[in-house]
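Everything below belongs to data-v9.txt, which stores compact mmCIF, C-alpha atoms.
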# COMPACT_ATOMS: atom_id res chain seq x y z
CA MET A 739 -2.88 -4.78 0.23
CA ALA A 740 -4.19 -10.82 -5.76
CA SER A 741 -0.66 -10.31 -6.45
CA SER A 742 1.39 -10.51 -9.59
CA PRO A 743 4.80 -11.79 -8.41
CA ASP A 744 6.44 -11.65 -11.83
CA VAL A 745 5.59 -7.99 -12.21
CA PRO A 746 8.38 -5.49 -11.59
CA SER A 747 7.86 -2.16 -9.89
CA ALA A 748 9.46 0.93 -8.47
CA GLY A 749 10.11 3.36 -5.67
CA ASN A 750 10.29 6.83 -4.17
CA THR A 751 12.41 9.07 -1.99
CA PRO A 752 11.70 9.63 1.68
CA GLU A 753 10.86 13.31 1.39
CA ASN A 754 7.48 14.79 2.17
CA ALA A 755 4.03 13.57 2.33
CA ALA A 756 2.08 12.72 -0.77
CA THR A 757 2.45 9.73 -3.01
CA GLY A 758 0.79 8.26 -6.03
CA PHE A 759 1.52 8.09 -9.72
CA PRO A 760 1.24 11.58 -11.27
CA PHE A 761 1.39 10.48 -14.87
CA ASP A 762 -0.82 8.88 -17.49
CA ILE A 763 -0.23 5.17 -17.99
CA PRO A 764 -0.34 4.29 -21.70
CA GLY A 765 -3.18 2.01 -22.70
CA THR A 766 -5.60 2.97 -19.95
CA ALA A 767 -8.21 4.50 -22.28
CA GLY A 768 -10.94 2.62 -24.11
CA THR A 769 -12.59 -0.68 -23.35
CA ALA A 770 -10.93 -3.65 -21.70
CA THR A 771 -11.46 -6.10 -24.56
CA GLY A 772 -9.33 -7.97 -27.05
CA GLY A 773 -6.06 -6.45 -28.16
CA GLU A 774 -6.78 -3.20 -26.35
CA ARG A 775 -6.96 -4.95 -23.00
CA ARG A 776 -3.80 -6.96 -23.65
CA GLY A 777 -2.02 -3.80 -24.72
CA ARG A 778 -3.21 -1.97 -21.62
CA VAL A 779 -2.05 -4.73 -19.29
CA ARG A 780 1.37 -4.80 -20.99
CA ALA A 781 1.59 -1.03 -20.68
CA ARG A 782 0.73 -1.16 -16.99
CA ARG A 783 3.36 -3.79 -16.38
CA ALA A 784 5.88 -1.67 -18.22
CA ALA A 785 4.79 1.36 -16.20
CA VAL A 786 5.57 -0.43 -12.95
CA MET A 787 9.14 -1.00 -14.13
CA ALA A 788 9.44 2.55 -15.39
CA VAL A 789 8.24 4.35 -12.25
CA PRO A 790 11.25 6.40 -11.09
CA ALA A 791 12.70 6.41 -7.62
CA THR A 792 10.92 9.62 -6.73
CA LEU A 793 7.54 7.88 -6.77
CA ILE A 794 7.92 5.46 -3.87
CA ALA A 795 6.56 7.41 -0.94
CA ALA A 796 8.71 8.05 2.01
CA GLY A 797 5.61 8.36 4.15
CA LEU A 798 4.29 4.84 3.82
CA ALA A 799 2.95 2.73 6.61
CA VAL A 800 0.21 0.16 7.19
CA LEU A 801 1.13 -2.39 4.53
CA THR A 802 0.74 -5.42 2.19
CA ALA A 803 3.71 -7.07 0.56
CA GLN A 804 3.41 -8.81 -2.78
CA GLY A 805 6.64 -10.79 -2.70
CA ALA A 806 7.22 -13.70 -0.35
CA LEU A 807 4.38 -12.38 1.81
CA GLY A 808 2.06 -11.87 -1.17
CA VAL A 809 -1.64 -11.16 -0.94
CA GLN A 810 -3.42 -14.42 -1.67
CA PHE A 811 -6.79 -12.93 -2.60
CA ALA A 812 -8.41 -10.99 -5.42
CA ILE A 813 -9.02 -7.41 -4.31
CA SER A 814 -12.56 -6.03 -4.40
CA GLY A 815 -11.43 -2.96 -6.33
CA MET A 816 -13.04 -0.70 -3.71
CA PRO A 817 -10.43 1.61 -2.14
CA PHE A 818 -10.48 2.34 1.58
CA THR A 819 -9.01 5.16 3.64
CA VAL A 820 -6.63 4.63 6.57
CA THR A 821 -5.54 7.41 8.92
CA ALA A 822 -3.52 7.56 12.14
CA THR A 823 -2.08 10.40 14.18
CA GLU A 824 1.21 8.51 14.28
CA LEU A 825 2.75 5.30 12.99
CA LYS A 826 6.05 3.92 14.28
CA GLY A 827 7.70 0.84 12.84
CA THR A 828 10.86 -1.23 12.77
CA GLY A 829 11.93 -3.08 9.64
CA PHE A 830 10.55 -1.10 6.68
CA GLU A 831 10.49 -2.04 2.96
CA GLN A 832 8.76 -0.56 -0.09
CA PHE A 833 8.38 -1.25 -3.81
CA GLY A 834 5.77 -1.02 -6.59
CA SER A 835 3.45 -3.79 -7.78
CA LEU A 836 0.05 -4.66 -9.29
CA ASP A 837 -3.12 -5.86 -7.56
CA ASN A 838 -5.72 -7.90 -9.45
CA MET A 839 -9.50 -8.01 -9.11
CA ALA A 840 -11.62 -11.12 -9.55
CA ASP A 841 -12.58 -11.92 -13.14
CA GLY A 842 -15.70 -10.00 -14.11
CA SER A 843 -15.52 -7.60 -11.16
CA PRO A 844 -18.00 -4.71 -11.60
CA ASN A 845 -15.34 -2.41 -10.15
CA ALA A 846 -12.82 -3.08 -12.92
CA GLY A 847 -14.06 -0.31 -15.22
CA ASP A 848 -11.49 0.26 -17.98
CA SER A 849 -8.56 -0.79 -15.76
CA GLY A 850 -8.41 -4.36 -17.02
CA GLY A 851 -8.99 -5.45 -13.42
CA GLN A 852 -5.56 -4.26 -12.29
CA VAL A 853 -4.46 -1.48 -9.92
CA LEU A 854 -0.94 -0.08 -9.88
CA VAL A 855 0.07 0.19 -6.21
CA ILE A 856 2.93 0.92 -3.86
CA THR A 857 3.59 -2.15 -1.73
CA SER A 858 5.11 -1.58 1.69
CA ALA A 859 6.01 -3.85 4.58
CA ILE A 860 6.77 -3.20 8.25
CA LYS A 861 8.04 -5.98 10.51
CA ASN A 862 6.62 -4.45 13.70
CA ALA A 863 4.35 -1.40 13.86
CA THR A 864 2.28 0.63 16.30
CA LEU A 865 -0.44 3.12 15.31
CA THR A 866 -2.12 5.80 17.39
CA LYS A 867 -5.82 6.61 16.81
CA LEU A 868 -6.29 4.35 13.81
CA CYS A 869 -9.29 5.05 11.57
CA GLN A 870 -10.36 3.01 8.54
CA SER A 871 -13.34 3.76 6.33
CA VAL A 872 -14.82 2.45 3.08
CA ASP A 873 -17.48 4.25 1.05
CA LEU A 874 -20.38 1.86 0.44
CA GLY A 875 -22.32 4.35 -1.65
CA GLY A 876 -24.14 6.87 0.49
CA THR A 877 -22.79 5.56 3.79
CA ASN A 878 -19.37 4.69 5.18
CA LEU A 879 -18.31 1.63 7.15
CA LEU A 880 -16.09 3.09 9.87
CA ILE A 881 -13.57 1.26 12.07
CA LYS A 882 -11.68 2.99 14.87
CA ALA A 883 -9.16 1.65 17.41
CA GLY A 884 -6.18 2.66 19.50
CA GLY A 885 -7.70 5.92 20.71
CA GLY A 886 -6.99 5.22 24.38
CA LYS A 887 -3.86 4.45 26.37
CA GLU A 888 -3.07 1.29 24.36
CA LYS A 889 -2.05 1.66 20.71
CA VAL A 890 -2.88 -0.55 17.74
CA SER A 891 -0.05 -3.00 17.10
CA ALA A 892 0.81 -5.24 14.17
CA ARG A 893 3.45 -7.74 13.14
CA ASP A 894 4.36 -8.43 9.50
CA LEU A 895 2.04 -5.60 8.46
CA THR A 896 1.73 -4.87 4.75
CA THR A 897 -0.42 -2.58 2.55
CA ASP A 898 -0.98 -1.81 -1.11
CA SER A 899 -1.58 1.92 -1.56
CA THR A 900 -2.23 4.38 -4.36
CA GLU A 901 -2.00 7.57 -2.29
CA LEU A 902 -0.38 8.61 0.97
CA SER A 903 0.34 11.77 2.93
CA GLY A 904 2.10 12.48 6.22
CA ASP A 905 5.37 13.65 7.77
CA ALA A 906 7.91 10.84 7.50
CA SER A 907 11.34 10.13 8.95
CA PHE A 908 13.63 7.11 8.59
CA ASP A 909 16.74 5.67 10.24
CA ASN A 910 19.45 4.07 8.11
CA ILE A 911 17.47 4.23 4.88
CA GLU A 912 18.72 2.55 1.70
CA ILE A 913 17.27 3.79 -1.60
CA GLY A 914 17.71 2.01 -4.91
CA ASN A 915 17.92 -1.61 -3.74
CA ASP A 916 16.88 -4.46 -6.00
CA ALA A 917 13.57 -5.58 -4.49
CA SER A 918 14.66 -9.21 -4.51
CA THR A 919 17.46 -8.40 -2.04
CA LEU A 920 15.41 -6.64 0.68
CA THR A 921 16.13 -7.79 4.24
CA LYS A 922 14.53 -5.41 6.76
CA ALA A 923 10.95 -6.78 6.91
CA GLY A 924 11.39 -10.34 5.67
CA VAL A 925 9.72 -9.63 2.31
CA LYS A 926 11.40 -9.96 -1.08
CA GLY A 927 9.96 -8.33 -4.18
CA PRO A 928 10.53 -9.19 -7.86
CA ILE A 929 14.09 -9.15 -9.18
CA GLY A 930 15.08 -6.04 -11.09
CA VAL A 931 12.55 -3.81 -9.30
CA PHE A 932 13.55 -0.53 -7.64
CA SER A 933 12.92 -0.46 -3.88
CA GLN A 934 13.92 1.10 -0.58
CA GLN A 935 14.26 -0.07 3.00
CA ALA A 936 15.11 1.33 6.43
CA ASP A 937 15.72 0.20 10.00
CA THR A 938 12.87 2.35 11.35
CA VAL A 939 10.04 4.53 10.04
CA ARG A 940 7.90 7.19 11.72
CA ILE A 941 4.95 8.88 10.03
CA ALA A 942 2.93 11.61 11.70
CA LYS A 943 -0.54 12.57 10.40
CA LEU A 944 -0.70 9.44 8.25
CA ARG A 945 -3.37 9.24 5.56
CA GLN A 946 -3.55 6.48 2.92
CA THR A 947 -5.76 5.20 0.15
CA ASN A 948 -5.37 1.41 0.20
CA TYR A 949 -6.64 -1.54 -1.78
CA ALA A 950 -5.36 -4.34 0.47
CA THR A 951 -3.89 -4.88 3.93
CA THR A 952 -2.53 -8.01 5.60
CA ALA A 953 -0.80 -8.74 8.91
CA GLY A 954 0.53 -11.76 10.74
CA VAL A 955 -0.84 -10.32 13.98
CA PHE A 956 -3.13 -7.26 14.23
CA ARG A 957 -4.29 -6.05 17.67
CA LEU A 958 -6.94 -3.31 17.83
CA PRO A 959 -7.63 -2.17 21.42
CA GLY A 960 -10.85 -0.21 21.86
CA LEU A 961 -12.21 -1.42 18.51
CA LYS A 962 -15.40 0.31 17.39
CA LEU A 963 -17.26 -0.46 14.17
CA SER A 964 -20.11 1.72 12.93
CA PHE A 965 -21.79 3.33 9.93
CA SER A 966 -21.32 7.02 9.32
CA ASP A 967 -22.24 9.75 6.84
CA SER A 968 -18.55 10.68 6.63
CA GLY A 969 -15.34 8.67 6.41
CA CYS A 970 -11.97 9.09 8.09
Full structure transcribed into structure tokens:
Amino acid sequence: MASSPDVPSAGNTPENAATGFPFDIPGTAGTATGGERRGRVRARRAAVMAVPATLIAAGLAVLTAQGALGVQFAISGMPFTVTATELKGTGFEQFGSLDNMADGSPNAGDSGGQVLVITSAIKNATLTKLCQSVDLGGTNLLIKAGGGKEKVSARDLTTDSTELSGDASFDNIEIGNDASTLTKAGVKGPIGVFSQQADTVRIAKLRQTNYATTAGVFRLPGLKLSFSDSGC
């Protein structure tokens, strides 16, 4: 889920469903030009470091790591929704980061072309009744898979998310790690960044707003792609 590997970030506790950043980030108002833009970018970088532990969602799944497994593309800046009735995974890591849009992207608005995200990684994951949708302006591109006997499966799955809800549970969770020392999913974040990791993760009624997703292997049995008036 364009990465910024030198950017620090933060985390959250494994309780409850919703995640995001419920605060105003200094420097996000006004136009993205000159000193204002530089000030805004510095403020966003500082915000990533300042995000407290309570902001990394426990209920994270479907992922994109920015560290050693970093996203090697500029994001479009168009968010997409991911839902699943259940996600199960082994080897779970999570920390905050920044995604970057291509220079001159029409979706940048006053963001300076950057999106503050929660980066998560799962070594091996399965998802039941996966749905992904993106609003194209009046119509939605809809992708569904794993609705039958065989579930969606992924290896080295990572996502960059701004929102998430679901019912989450973890085995052997560690909260407060330095992101550069993570070991559960094979991804290491920036040094000095708050993070968490666990042996296993389960999220029921998963719902995410993502900006990027990557996987080493991604199998989607029963794949169906269509256009729809409504999203997931």
d(CA of Asn910 in chain A, CA of Phe833 in chain A) in Å: 17.1 Å
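When all atoms listed in the file are used to compute distances to Lys889 in chain A, the closest of the residues A:Leu825, A:Leu963, A:Ile856, A:Val872 turns out to be A:Leu825.
CA of Ala953 in chain A lies 25.5 Å from CA of Gly914 in chain A.
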Using Å and a single decimal, report how far CA of Ser966 in chain A sits from CA of Gly847 in chain A.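 CA of Ser966 in chain A lies 26.6 Å from CA of Gly847 in chain A.
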Could you list, as a ChimeraX atom specification, every residue within 8 Å of range 865-871 of chain A, counting all atoms listed in the file and ignoring same-chain residues fewer than 2 positions away? /A:818-826,863,873,878-886,889-891,969-970
Please list as a VMD selection string every residue within 9 Å of Thr921 in chain A, counting all atoms listed in the file and excluding residues in the same chain fewer than 4 positions away. chain A and resid 829 831 925 to 926 935
Convert the current residue selection to file output with C-alpha atoms, as an mmCIF file, in the frame of the given file.
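New file again_30.cif:
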data_model
loop_
_atom_site.group_PDB
_atom_site.id
_atom_site.type_symbol
_atom_site.label_atom_id
_atom_site.label_comp_id
_atom_site.auth_asym_id
_atom_site.auth_seq_id
_atom_site.Cartn_x
_atom_site.Cartn_y
_atom_site.Cartn_z
ATOM 1 C CA GLY A 829 11.930 -3.080 9.640
ATOM 2 C CA GLU A 831 10.490 -2.040 2.960
ATOM 3 C CA VAL A 925 9.720 -9.630 2.310
ATOM 4 C CA LYS A 926 11.400 -9.960 -1.080
ATOM 5 C CA GLN A 935 14.260 -0.070 3.000
#
Select, counting all atoms listed in the file, all protein, DNA and RNA residues no farther than 7 Å from (14.4, -0.6, -6.5) in file coordinates, and express the selection as an MDAnalysis selection string. chainID A and resid 748:749 833 914:917 931:934
Taking all atoms listed in the file into account, which of A:Thr947, A:Val939, A:Arg957, A:Ser858 comes nearest Ser907 in chain A?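 Closest to Ser907 in chain A of all the choices is A:Val939.
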From A:Ser899, A:Thr938, A:Gln852, A:Gln832, residue lying nearest Thr864 in chain A [all atoms listed in the file]: A:Thr938
Using all atoms listed in the file, which residue out of A:Asn948, A:Phe830, A:Asp905, A:Gly927 lies closest to Gly815 in chain A?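 Selected residue with least distance to Gly815 in chain A: A:Asn948.
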Nearest candidate to Ser964 in chain A (options A:Thr877, A:Val853, A:Ser835, A:Leu944; using all atoms listed in the file):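 Closest to Ser964 in chain A of all the choices is A:Thr877.
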Using only C-alpha atoms, the shortest atom-to-atom distance to Leu836 in chain A among A:Ile941, A:Ile913, A:Met816, A:Thr857 belongs to A:Thr857
